>>> print(open('protein-v9.cif').read())   # mmCIF, C-alpha atoms
data_run
loop_
_atom_site.label_atom_id
_atom_site.label_comp_id
_atom_site.auth_asym_id
_atom_site.auth_seq_id
_atom_site.Cartn_x
_atom_site.Cartn_y
_atom_site.Cartn_z
CA MET A 1 132.39 93.85 108.01
CA VAL A 2 132.68 90.97 105.53
CA ILE A 3 130.50 90.20 102.52
CA ALA A 4 130.81 86.52 101.62
CA ALA A 5 129.91 85.18 98.19
CA GLY A 6 130.39 81.99 96.21
CA ASP A 7 130.03 80.85 92.62
CA GLY A 8 126.49 81.38 91.38
CA ALA A 9 125.84 84.51 93.43
CA VAL A 10 123.58 87.19 91.96
CA LEU A 11 125.70 90.24 91.17
CA LEU A 12 123.26 92.78 92.64
CA ASP A 13 122.99 90.76 95.87
CA VAL A 14 126.64 91.64 96.39
CA ALA A 15 126.79 95.07 94.77
CA GLY A 16 123.67 96.50 96.46
CA PRO A 17 124.73 96.05 100.10
CA LEU A 18 128.35 96.84 99.19
CA GLN A 19 127.26 100.20 97.76
CA VAL A 20 125.26 101.01 100.90
CA PHE A 21 128.12 100.27 103.30
CA ALA A 22 130.69 101.98 101.08
CA LEU A 23 128.59 105.16 101.02
CA ALA A 24 128.01 104.93 104.76
CA ALA A 25 131.78 104.67 105.27
CA LYS A 26 132.37 107.67 103.02
CA CYS A 27 129.88 109.65 105.13
CA GLY A 28 131.71 108.83 108.34
CA GLY A 29 130.00 105.57 109.24
CA GLY A 30 133.28 103.84 110.04
CA TYR A 31 132.68 100.67 108.04
CA ARG A 32 135.57 98.74 106.53
CA VAL A 33 134.13 96.38 103.94
CA ARG A 34 135.92 93.28 102.70
CA LEU A 35 134.63 90.93 100.03
CA ALA A 36 135.52 87.27 100.59
CA SER A 37 135.01 83.89 98.94
CA PRO A 38 135.64 80.44 100.46
CA ASP A 39 139.05 80.04 98.79
CA GLY A 40 139.96 83.63 98.00
CA ARG A 41 139.45 83.13 94.28
CA PRO A 42 137.21 85.34 92.10
CA VAL A 43 133.51 84.48 92.17
CA HIS A 44 131.64 83.61 88.99
CA THR A 45 128.28 85.34 89.27
CA ARG A 46 125.05 84.16 87.68
CA GLU A 47 125.27 87.06 85.28
CA GLY A 48 128.62 85.81 83.97
CA VAL A 49 130.58 88.70 85.47
CA PRO A 50 133.67 87.59 87.43
CA LEU A 51 133.86 89.25 90.83
CA GLY A 52 137.24 89.81 92.44
CA VAL A 53 137.51 89.39 96.21
CA ASP A 54 139.82 90.74 98.91
CA THR A 55 140.48 87.55 100.83
CA ALA A 56 139.52 83.99 101.62
CA LEU A 57 137.01 83.48 104.43
CA ASP A 58 139.46 81.24 106.28
CA ALA A 59 141.97 84.11 106.26
CA VAL A 60 139.61 86.50 108.06
CA THR A 61 140.95 87.14 111.54
CA GLY A 62 139.65 88.93 114.58
CA PRO A 63 136.04 89.82 115.40
CA VAL A 64 133.62 90.54 112.55
CA HIS A 65 130.91 93.09 113.21
CA ILE A 66 128.67 92.03 110.28
CA LEU A 67 129.02 88.90 108.17
CA LEU A 68 126.68 89.23 105.21
CA VAL A 69 126.31 86.19 102.96
CA ALA A 70 125.31 86.97 99.40
CA GLY A 71 124.86 83.36 98.43
CA CYS A 72 126.03 80.93 95.79
CA ASP A 73 124.66 78.10 93.64
CA PRO A 74 121.98 76.70 96.01
CA THR A 75 121.49 73.27 94.41
CA PRO A 76 121.85 70.42 96.96
CA ASP A 77 125.01 68.96 95.38
CA SER A 78 126.68 72.31 94.80
CA PRO A 79 130.36 72.35 95.91
CA ALA A 80 130.05 76.13 96.34
CA LEU A 81 127.16 75.70 98.79
CA ALA A 82 129.06 73.19 100.93
CA SER A 83 132.32 75.16 101.05
CA LEU A 84 130.62 78.50 101.76
CA ALA A 85 128.44 76.96 104.48
CA GLN A 86 131.49 75.44 106.19
CA ALA A 87 133.41 78.71 106.10
CA VAL A 88 130.46 80.73 107.41
CA ARG A 89 129.89 78.21 110.22
CA ARG A 90 133.51 78.62 111.36
CA LEU A 91 133.19 82.41 111.42
CA ARG A 92 129.83 82.54 113.18
CA GLU A 93 131.14 82.69 116.75
CA ARG A 94 133.20 85.79 115.93
CA CYS A 95 130.31 87.69 114.31
CA THR A 96 128.11 90.21 116.07
CA VAL A 97 125.52 90.19 113.30
CA LEU A 98 124.92 87.42 110.76
CA ALA A 99 122.94 88.26 107.63
CA SER A 100 122.10 86.88 104.21
CA VAL A 101 120.65 88.17 100.97
CA CYS A 102 118.43 86.13 98.66
CA ILE A 103 119.81 82.59 98.18
CA GLY A 104 122.37 83.31 100.88
CA ALA A 105 119.69 81.97 103.23
CA PHE A 106 120.41 78.51 101.82
CA VAL A 107 124.03 78.88 102.97
CA LEU A 108 122.97 79.80 106.51
CA ALA A 109 120.45 76.95 106.57
CA GLU A 110 122.98 74.46 105.23
CA ALA A 111 125.36 75.56 107.99
CA GLY A 112 122.65 74.93 110.60
CA LEU A 113 122.61 78.61 111.56
CA LEU A 114 118.89 79.09 110.89
CA ASP A 115 117.69 76.11 112.92
CA GLY A 116 114.77 77.18 115.10
CA ARG A 117 114.75 80.66 113.56
CA ARG A 118 112.48 82.67 111.29
CA ALA A 119 113.98 83.51 107.90
CA THR A 120 113.15 84.56 104.37
CA THR A 121 114.62 84.40 100.90
CA HIS A 122 113.49 85.33 97.41
CA TRP A 123 109.77 84.63 97.07
CA ALA A 124 110.44 82.13 94.27
CA SER A 125 112.70 80.05 96.56
CA CYS A 126 110.73 80.16 99.82
CA ARG A 127 108.99 76.84 99.28
CA GLU A 128 112.25 75.10 98.39
CA LEU A 129 113.97 76.53 101.46
CA ALA A 130 111.14 75.34 103.70
CA ASP A 131 111.08 71.86 102.12
CA ARG A 132 114.84 71.32 102.33
CA TYR A 133 115.26 72.76 105.81
CA PRO A 134 112.09 72.00 107.83
CA GLN A 135 113.75 73.21 111.03
CA VAL A 136 113.62 76.76 109.60
CA THR A 137 110.41 78.81 109.83
CA VAL A 138 110.27 80.40 106.40
CA LYS A 139 108.40 83.69 106.01
CA SER A 140 107.46 84.34 102.40
CA ASP A 141 106.69 88.00 102.95
CA GLY A 142 108.89 90.85 104.06
CA MET A 143 111.90 92.51 102.47
CA TYR A 144 113.90 91.11 105.36
CA VAL A 145 113.28 89.17 108.56
CA ARG A 146 115.13 89.64 111.83
CA ASP A 147 115.45 86.88 114.42
CA GLY A 148 117.74 88.03 117.21
CA ASP A 149 121.09 88.91 115.70
CA VAL A 150 120.37 87.02 112.46
CA TYR A 151 118.89 88.85 109.47
CA THR A 152 117.75 87.33 106.18
CA ALA A 153 116.65 89.37 103.17
CA ALA A 154 114.54 88.56 100.14
CA GLY A 155 115.98 88.70 96.66
CA VAL A 156 118.04 91.21 94.72
CA THR A 157 117.19 94.80 95.73
CA ALA A 158 116.07 93.66 99.20
CA GLY A 159 119.76 93.49 100.04
CA ILE A 160 119.76 97.29 99.88
CA ASP A 161 116.81 97.44 102.30
CA LEU A 162 118.63 95.15 104.71
CA ALA A 163 121.90 97.05 104.46
CA LEU A 164 120.13 100.36 105.17
CA ALA A 165 118.42 98.79 108.19
CA LEU A 166 121.79 97.63 109.53
CA VAL A 167 123.30 101.09 109.02
CA GLU A 168 120.36 102.58 110.89
CA ARG A 169 120.81 100.02 113.67
CA ASP A 170 124.53 100.77 113.98
CA ARG A 171 124.79 104.49 113.25
CA GLY A 172 121.27 105.90 113.52
CA GLY A 173 118.58 107.14 111.17
CA THR A 174 120.34 110.32 110.02
CA LEU A 175 123.17 108.48 108.29
CA ALA A 176 120.85 105.79 106.93
CA ARG A 177 118.57 108.47 105.42
CA GLN A 178 121.56 110.23 103.91
CA VAL A 179 122.69 107.03 102.20
CA ALA A 180 119.14 106.23 101.02
CA GLN A 181 118.75 109.72 99.55
CA TRP A 182 122.04 109.39 97.71
CA LEU A 183 120.94 106.03 96.25
CA VAL A 184 117.46 107.43 95.46
CA VAL A 185 115.68 104.64 97.34
CA PHE A 186 113.26 104.40 100.25
CA LEU A 187 114.91 104.20 103.67
CA GLN A 188 112.10 101.77 104.52
CA ARG A 189 109.80 100.60 101.77
CA PRO A 190 106.11 100.82 102.64
CA ALA A 191 105.69 97.06 102.22
CA GLY A 192 107.79 94.03 101.56
CA GLN A 193 107.24 91.15 99.19
CA SER A 194 103.61 91.79 100.13
CA GLN A 195 103.62 94.28 97.28
CA LEU A 196 104.23 91.32 95.02
CA SER A 197 101.67 89.12 96.72
CA VAL A 198 98.83 91.65 96.57
CA ARG A 199 99.52 93.28 93.23
CA GLY A 200 100.91 90.09 91.73
CA GLN A 201 97.56 88.37 92.21
CA VAL A 202 95.82 90.81 89.85
CA ARG A 203 96.21 91.68 86.21
CA SER A 204 98.31 94.75 85.54
CA SER A 205 96.23 97.65 84.33
CA ARG A 206 97.01 99.90 81.41
CA ARG A 207 94.42 102.38 82.61
CA GLY A 208 96.43 105.35 83.81
CA ALA A 209 93.85 106.50 86.35
CA LEU A 210 93.69 103.13 88.10
CA ARG A 211 97.44 102.64 87.95
CA ALA A 212 97.97 106.01 89.63
CA VAL A 213 95.65 105.00 92.47
CA LEU A 214 97.43 101.67 93.01
CA ASP A 215 100.83 103.36 92.99
CA ALA A 216 99.62 105.86 95.60
CA VAL A 217 98.50 103.03 97.91
CA ALA A 218 101.87 101.26 97.50
CA ALA A 219 103.86 104.42 98.15
CA GLN A 220 101.94 105.52 101.26
CA PRO A 221 99.74 102.81 102.79
CA HIS A 222 99.06 105.08 105.79
CA ALA A 223 97.55 107.92 103.72
CA ASP A 224 93.87 108.70 103.18
CA HIS A 225 92.67 106.03 100.77
CA SER A 226 88.96 106.42 101.23
CA LEU A 227 86.88 105.87 98.12
CA GLU A 228 86.34 109.61 97.76
CA ALA A 229 90.06 110.41 98.12
CA MET A 230 91.08 107.77 95.59
CA ALA A 231 88.41 108.87 93.16
CA GLY A 232 89.70 112.43 93.44
CA ARG A 233 93.24 111.32 92.58
CA ALA A 234 91.96 109.39 89.59
CA ALA A 235 89.68 112.24 88.47
CA LEU A 236 86.81 109.75 88.36
CA SER A 237 83.53 109.47 90.17
CA PRO A 238 83.53 107.09 93.17
CA ARG A 239 81.04 104.91 91.34
CA HIS A 240 83.20 104.69 88.21
CA LEU A 241 86.33 103.90 90.25
CA SER A 242 84.52 101.14 92.14
CA ARG A 243 83.46 99.60 88.83
CA LEU A 244 87.05 99.72 87.59
CA PHE A 245 88.34 97.93 90.69
CA ILE A 246 85.76 95.17 90.32
CA GLU A 247 86.33 94.84 86.58
CA VAL A 248 90.14 94.90 86.58
CA LEU A 249 91.13 93.68 90.05
CA GLY A 250 88.15 91.62 91.10
CA THR A 251 87.84 93.41 94.43
CA THR A 252 86.49 96.65 95.88
CA PRO A 253 88.72 99.67 96.58
CA GLY A 254 88.28 99.27 100.33
CA GLN A 255 89.15 95.57 100.30
CA TYR A 256 92.25 96.23 98.21
CA VAL A 257 93.53 98.93 100.57
CA GLN A 258 92.84 96.76 103.62
CA ARG A 259 94.75 93.80 102.21
CA PHE A 260 97.68 95.98 101.28
CA ARG A 261 97.83 97.57 104.75
CA VAL A 262 97.61 94.21 106.52
CA GLU A 263 100.52 92.83 104.54
CA ALA A 264 102.53 96.02 105.04
CA ALA A 265 101.94 95.67 108.79
CA GLN A 266 103.02 92.03 108.64
CA GLN A 267 106.32 93.04 107.06
CA LEU A 268 106.97 95.70 109.69
CA LEU A 269 106.20 93.28 112.53
CA GLU A 270 108.45 90.57 111.12
CA ALA A 271 111.35 92.86 110.29
CA GLY A 272 111.51 95.00 113.42
CA ASP A 273 110.90 95.26 117.12
CA ASP A 274 108.10 97.84 117.15
CA PRO A 275 105.01 96.76 119.12
CA VAL A 276 101.68 96.23 117.41
CA GLU A 277 100.38 99.63 118.51
CA VAL A 278 103.24 101.47 116.81
CA VAL A 279 102.91 99.42 113.61
CA ALA A 280 99.15 100.06 113.59
CA ARG A 281 99.74 103.80 113.69
CA GLN A 282 102.29 103.55 110.90
#
>>> encode(input="protein-v9.cif", output="C-alpha cells")
Amino acid sequence: MVIAAGDGAVLLDVAGPLQVFALAAKCGGGYRVRLASPDGRPVHTREGVPLGVDTALDAVTGPVHILLVAGCDPTPDSPALASLAQAVRRLRERCTVLASVCIGAFVLAEAGLLDGRRATTHWASCRELADRYPQVTVKSDGMYVRDGDVYTAAGVTAGIDLALALVERDRGGTLARQVAQWLVVFLQRPAGQSQLSVRGQVRSSRRGALRAVLDAVAAQPHADHSLEAMAGRAALSPRHLSRLFIEVLGTTPGQYVQRFRVEAAQQLLEAGDDPVEVVARQ
C-alpha cells in the first residue's frame, strides 16, 4: 500500500493510518507500507515537521492494493494540490482501494475521482468541499464514508478509524481488534462526527454527574439509557436529572438519547454495508 502526502498535510493524518498498517504488518497482516510525495521530496507538514518519504508517486510501479491520500494544502491555487491530484489520478487505475483522510478529499475531488460519489472530510471543511466540487455529495457526519471502493475519512484521528476498517476488510476482525487494542482505541467508535454535532450544540457541563451520563451515552448508544437507568448512574433522582438536562442542555434525557442514536445509526449506514435492520439492532 501507498500513503500519499503533499506539503500542508496534517502530521497525524499520515502518522495515524501509518501506525495502524505498520502494527497490522507486524502482527502478520502482510502490509508493505510506502510513503510517497508527488516529487519524492520531503513533505512540509502543517505542524512544521518535515516528513521524509520513500519514493515519488510517479516512481510507484505495479498494482497498488490501497492508495491512501493524506492531503496537502487545499487552497484552490495550491501547487501541492494540483501536483498531488495529477499523480493520484495517474495511479487510480492500478489501485484496488482508493482512500483519503481529512483534506485528502480535496485531492480526490480535484482529480475528478469523487464525481458522482458520496464523500466526507473534516467537519470544518465540508461546506467548502461541497461548494467547490458540486458534483460530489458531501456527508458532514461519519468518521468515514464508503462509496464502492472509494473511502473518505473525516479529520485527524478519523484516519485511524478508516485504517482499522480497511484492515478488518482485508484481514478480518481478529487482527483489526488486536491492532485497536494495542493502540488503545475503539475498533469502531459508537458514533462519528455526530458526536460533535449533538454534543457540540450544547454547552459543556462541569457537573460531574451529568457529564458521566453523557459519556455513558457516547460510549454505548445501544445500552439501557432509560431515565431511571441514567438517574441511577448519576446518583440523582429522575426528576433532578430531568431538570439538569433541561437547564444545561435544553432538552429532555429521552430526546438527547434519541438524537444521539439516530446520528450513530446514520454513521453506521453511511460507512458500511449492513442493512437497516442490523444497524437498528446495534
>>> resolve_selection(input="protein-v9.cif", expression="the PyMOL selection byres ((chain A and resi 48) around 12)", output="list in words")
Asp7, Gly8, Ala9, Val10, Leu11, Pro42, Val43, His44, Thr45, Arg46, Glu47, Val49, Pro50 and Leu51 of chain A
>>> resolve_selection(input="protein-v9.cif", expression="the PyMOL selection byres ((chain A and resi 152-154) around 6)", output="VMD selection string")
chain A and resid 99 to 102 119 to 122 143 to 145 151 155 158
>>> residues_near_point(input="protein-v9.cif", point="(128.1, 104.9, 101.4)", cutoff="12 Å", atoms="all atoms listed in the file", output="PyMOL selection string")
chain A and resi 15-33+160+163-164+167+175-183
>>> residues_around(input="protein-v9.cif", residues="A:Ala85", least_positions_apart="4", cutoff="10 Å", atoms="all atoms listed in the file", output="list in words")
Gly6, Pro38, Val69, Gly71, Cys72, Pro79, Ala80, Leu81, Arg89, Arg90, Gly104, Phe106, Val107, Leu108, Ala109, Glu110, Ala111, Gly112 and Leu113 of chain A
>>> closest_residue(input="protein-v9.cif", among="A:Gly208, A:Leu98, A:Leu12, A:Gly142", to="A:Leu166", atoms="all atoms listed in the file")
A:Leu98
>>> closest_residue(input="protein-v9.cif", among="A:Leu162, A:Ala209, A:Asp131, A:Phe260", to="A:Leu236", atoms="only C-alpha atoms")
A:Ala209
>>> residues_near_point(input="protein-v9.cif", point="(101.8, 103.4, 94.4)", cutoff="12 Å", atoms="all atoms listed in the file", output="MDAnalysis selection string")
chainID A and resid 189:191 195 199 209:223 225 230 233 257 260
>>> residues_around(input="protein-v9.cif", residues="stretch 53-61 of chain A", least_positions_apart="4", cutoff="8 Å", atoms="all atoms listed in the file", output="PDB file with C-alpha atoms, in the frame of the given file")
ATOM      1  CA  ALA A   4     130.810  86.520 101.620  1.00  0.00           C
ATOM      2  CA  ARG A  34     135.920  93.280 102.700  1.00  0.00           C
ATOM      3  CA  LEU A  35     134.630  90.930 100.030  1.00  0.00           C
ATOM      4  CA  ALA A  36     135.520  87.270 100.590  1.00  0.00           C
ATOM      5  CA  SER A  37     135.010  83.890  98.940  1.00  0.00           C
ATOM      6  CA  PRO A  38     135.640  80.440 100.460  1.00  0.00           C
ATOM      7  CA  ASP A  39     139.050  80.040  98.790  1.00  0.00           C
ATOM      8  CA  GLY A  40     139.960  83.630  98.000  1.00  0.00           C
ATOM      9  CA  ARG A  41     139.450  83.130  94.280  1.00  0.00           C
ATOM     10  CA  PRO A  42     137.210  85.340  92.100  1.00  0.00           C
ATOM     11  CA  VAL A  43     133.510  84.480  92.170  1.00  0.00           C
ATOM     12  CA  ALA A  87     133.410  78.710 106.100  1.00  0.00           C
ATOM     13  CA  VAL A  88     130.460  80.730 107.410  1.00  0.00           C
TER      14      VAL A  88
END
>>> residues_around(input="protein-v9.cif", residues="A:Arg281", least_positions_apart="4", cutoff="10 Å", atoms="only C-alpha atoms", output="MDAnalysis selection string")
chainID A and resid 222 265 276:277
>>> residues_around(input="protein-v9.cif", residues="A:Gly148", least_positions_apart="2", cutoff="9 Å", atoms="all atoms listed in the file", output="number ranges by chain")
A: 97, 117, 146, 150-151
>>> write_last_selection(input="protein-v9.cif", atoms="C-alpha atoms", output="PDB file, in the coordinates of the input")
ATOM      1  CA  VAL A  97     125.520  90.190 113.300  1.00  0.00           C
ATOM      2  CA  ARG A 117     114.750  80.660 113.560  1.00  0.00           C
ATOM      3  CA  ARG A 146     115.130  89.640 111.830  1.00  0.00           C
ATOM      4  CA  VAL A 150     120.370  87.020 112.460  1.00  0.00           C
ATOM      5  CA  TYR A 151     118.890  88.850 109.470  1.00  0.00           C
TER       6      TYR A 151
END
>>> build_atoms(input="protein-v9.cif", residues="stretch 122-133 of chain A", atoms="all heavy atoms", output="PDB file, in the coordinates of the input")
ATOM      1  N   HIS A 122     114.280  84.877  98.556  1.00  0.00           N
ATOM      2  CA  HIS A 122     113.490  85.330  97.410  1.00  0.00           C
ATOM      3  C   HIS A 122     112.176  84.566  97.359  1.00  0.00           C
ATOM      4  O   HIS A 122     112.136  83.360  97.633  1.00  0.00           O
ATOM      5  CB  HIS A 122     114.286  85.098  96.117  1.00  0.00           C
ATOM      6  CG  HIS A 122     113.691  85.757  94.908  1.00  0.00           C
ATOM      7  ND1 HIS A 122     112.578  85.269  94.263  1.00  0.00           N
ATOM      8  CD2 HIS A 122     114.052  86.882  94.244  1.00  0.00           C
ATOM      9  CE1 HIS A 122     112.284  86.042  93.243  1.00  0.00           C
ATOM     10  NE2 HIS A 122     113.162  87.038  93.207  1.00  0.00           N
ATOM     11  N   TRP A 123     111.093  85.267  97.024  1.00  0.00           N
ATOM     12  CA  TRP A 123     109.770  84.630  97.070  1.00  0.00           C
ATOM     13  C   TRP A 123     109.713  83.354  96.236  1.00  0.00           C
ATOM     14  O   TRP A 123     109.008  82.410  96.580  1.00  0.00           O
ATOM     15  CB  TRP A 123     108.690  85.615  96.608  1.00  0.00           C
ATOM     16  CG  TRP A 123     108.865  86.129  95.202  1.00  0.00           C
ATOM     17  CD1 TRP A 123     109.486  87.281  94.819  1.00  0.00           C
ATOM     18  CD2 TRP A 123     108.398  85.503  93.991  1.00  0.00           C
ATOM     19  NE1 TRP A 123     109.454  87.417  93.450  1.00  0.00           N
ATOM     20  CE2 TRP A 123     108.789  86.340  92.911  1.00  0.00           C
ATOM     21  CE3 TRP A 123     107.696  84.332  93.708  1.00  0.00           C
ATOM     22  CZ2 TRP A 123     108.506  86.035  91.587  1.00  0.00           C
ATOM     23  CZ3 TRP A 123     107.408  84.027  92.378  1.00  0.00           C
ATOM     24  CH2 TRP A 123     107.811  84.876  91.345  1.00  0.00           C
ATOM     25  N   ALA A 124     110.482  83.313  95.137  1.00  0.00           N
ATOM     26  CA  ALA A 124     110.440  82.130  94.270  1.00  0.00           C
ATOM     27  C   ALA A 124     111.149  80.930  94.883  1.00  0.00           C
ATOM     28  O   ALA A 124     110.984  79.802  94.404  1.00  0.00           O
ATOM     29  CB  ALA A 124     111.073  82.465  92.911  1.00  0.00           C
ATOM     30  N   SER A 125     111.938  81.143  95.936  1.00  0.00           N
ATOM     31  CA  SER A 125     112.700  80.050  96.560  1.00  0.00           C
ATOM     32  C   SER A 125     112.221  79.705  97.957  1.00  0.00           C
ATOM     33  O   SER A 125     112.793  78.818  98.593  1.00  0.00           O
ATOM     34  CB  SER A 125     114.190  80.426  96.609  1.00  0.00           C
ATOM     35  OG  SER A 125     114.710  80.629  95.318  1.00  0.00           O
ATOM     36  N   CYS A 126     111.178  80.395  98.447  1.00  0.00           N
ATOM     37  CA  CYS A 126     110.730  80.160  99.820  1.00  0.00           C
ATOM     38  C   CYS A 126     110.252  78.729 100.042  1.00  0.00           C
ATOM     39  O   CYS A 126     110.569  78.104 101.048  1.00  0.00           O
ATOM     40  CB  CYS A 126     109.614  81.155 100.183  1.00  0.00           C
ATOM     41  SG  CYS A 126     110.220  82.813 100.570  1.00  0.00           S
ATOM     42  N   ARG A 127     109.504  78.213  99.109  1.00  0.00           N
ATOM     43  CA  ARG A 127     108.990  76.840  99.280  1.00  0.00           C
ATOM     44  C   ARG A 127     110.143  75.838  99.304  1.00  0.00           C
ATOM     45  O   ARG A 127     110.160  74.915 100.123  1.00  0.00           O
ATOM     46  CB  ARG A 127     108.008  76.498  98.155  1.00  0.00           C
ATOM     47  CG  ARG A 127     107.411  75.092  98.296  1.00  0.00           C
ATOM     48  CD  ARG A 127     106.436  74.795  97.167  1.00  0.00           C
ATOM     49  NE  ARG A 127     105.281  75.664  97.239  1.00  0.00           N
ATOM     50  CZ  ARG A 127     104.209  75.435  97.994  1.00  0.00           C
ATOM     51  NH1 ARG A 127     104.176  74.365  98.756  1.00  0.00           N
ATOM     52  NH2 ARG A 127     103.197  76.261  97.971  1.00  0.00           N
ATOM     53  N   GLU A 128     111.116  76.021  98.421  1.00  0.00           N
ATOM     54  CA  GLU A 128     112.250  75.100  98.390  1.00  0.00           C
ATOM     55  C   GLU A 128     113.043  75.178  99.691  1.00  0.00           C
ATOM     56  O   GLU A 128     113.466  74.146 100.241  1.00  0.00           O
ATOM     57  CB  GLU A 128     113.169  75.424  97.210  1.00  0.00           C
ATOM     58  CG  GLU A 128     114.353  74.484  97.094  1.00  0.00           C
ATOM     59  CD  GLU A 128     115.296  74.835  95.959  1.00  0.00           C
ATOM     60  OE1 GLU A 128     115.019  75.810  95.222  1.00  0.00           O
ATOM     61  OE2 GLU A 128     116.315  74.127  95.806  1.00  0.00           O
ATOM     62  N   LEU A 129     113.237  76.380 100.208  1.00  0.00           N
ATOM     63  CA  LEU A 129     113.970  76.530 101.460  1.00  0.00           C
ATOM     64  C   LEU A 129     113.238  75.814 102.596  1.00  0.00           C
ATOM     65  O   LEU A 129     113.860  75.117 103.409  1.00  0.00           O
ATOM     66  CB  LEU A 129     114.133  78.022 101.794  1.00  0.00           C
ATOM     67  CG  LEU A 129     114.930  78.354 103.057  1.00  0.00           C
ATOM     68  CD1 LEU A 129     116.391  77.941 102.907  1.00  0.00           C
ATOM     69  CD2 LEU A 129     114.831  79.850 103.372  1.00  0.00           C
ATOM     70  N   ALA A 130     111.923  75.981 102.646  1.00  0.00           N
ATOM     71  CA  ALA A 130     111.140  75.340 103.700  1.00  0.00           C
ATOM     72  C   ALA A 130     111.155  73.819 103.562  1.00  0.00           C
ATOM     73  O   ALA A 130     111.237  73.096 104.564  1.00  0.00           O
ATOM     74  CB  ALA A 130     109.706  75.853 103.661  1.00  0.00           C
ATOM     75  N   ASP A 131     111.091  73.314 102.343  1.00  0.00           N
ATOM     76  CA  ASP A 131     111.080  71.860 102.120  1.00  0.00           C
ATOM     77  C   ASP A 131     112.432  71.233 102.467  1.00  0.00           C
ATOM     78  O   ASP A 131     112.486  70.156 103.074  1.00  0.00           O
ATOM     79  CB  ASP A 131     110.736  71.555 100.657  1.00  0.00           C
ATOM     80  CG  ASP A 131     109.273  71.842 100.334  1.00  0.00           C
ATOM     81  OD1 ASP A 131     108.478  71.998 101.285  1.00  0.00           O
ATOM     82  OD2 ASP A 131     108.936  71.935  99.139  1.00  0.00           O
ATOM     83  N   ARG A 132     113.511  71.887 102.097  1.00  0.00           N
ATOM     84  CA  ARG A 132     114.840  71.320 102.330  1.00  0.00           C
ATOM     85  C   ARG A 132     115.308  71.461 103.769  1.00  0.00           C
ATOM     86  O   ARG A 132     116.099  70.645 104.258  1.00  0.00           O
ATOM     87  CB  ARG A 132     115.860  71.974 101.378  1.00  0.00           C
ATOM     88  CG  ARG A 132     115.773  71.423  99.961  1.00  0.00           C
ATOM     89  CD  ARG A 132     116.636  72.192  98.998  1.00  0.00           C
ATOM     90  NE  ARG A 132     118.037  72.300  99.396  1.00  0.00           N
ATOM     91  CZ  ARG A 132     118.954  72.969  98.684  1.00  0.00           C
ATOM     92  NH1 ARG A 132     118.593  73.576  97.566  1.00  0.00           N
ATOM     93  NH2 ARG A 132     120.208  73.018  99.095  1.00  0.00           N
ATOM     94  N   TYR A 133     114.818  72.502 104.445  1.00  0.00           N
ATOM     95  CA  TYR A 133     115.260  72.760 105.810  1.00  0.00           C
ATOM     96  C   TYR A 133     114.039  72.960 106.714  1.00  0.00           C
ATOM     97  O   TYR A 133     113.702  74.091 107.082  1.00  0.00           O
ATOM     98  CB  TYR A 133     116.177  73.981 105.859  1.00  0.00           C
ATOM     99  CG  TYR A 133     117.357  73.876 104.909  1.00  0.00           C
ATOM    100  CD1 TYR A 133     117.334  74.504 103.665  1.00  0.00           C
ATOM    101  CD2 TYR A 133     118.479  73.137 105.254  1.00  0.00           C
ATOM    102  CE1 TYR A 133     118.411  74.398 102.796  1.00  0.00           C
ATOM    103  CE2 TYR A 133     119.569  73.024 104.387  1.00  0.00           C
ATOM    104  CZ  TYR A 133     119.521  73.657 103.155  1.00  0.00           C
ATOM    105  OH  TYR A 133     120.596  73.541 102.291  1.00  0.00           O
TER     106      TYR A 133
END
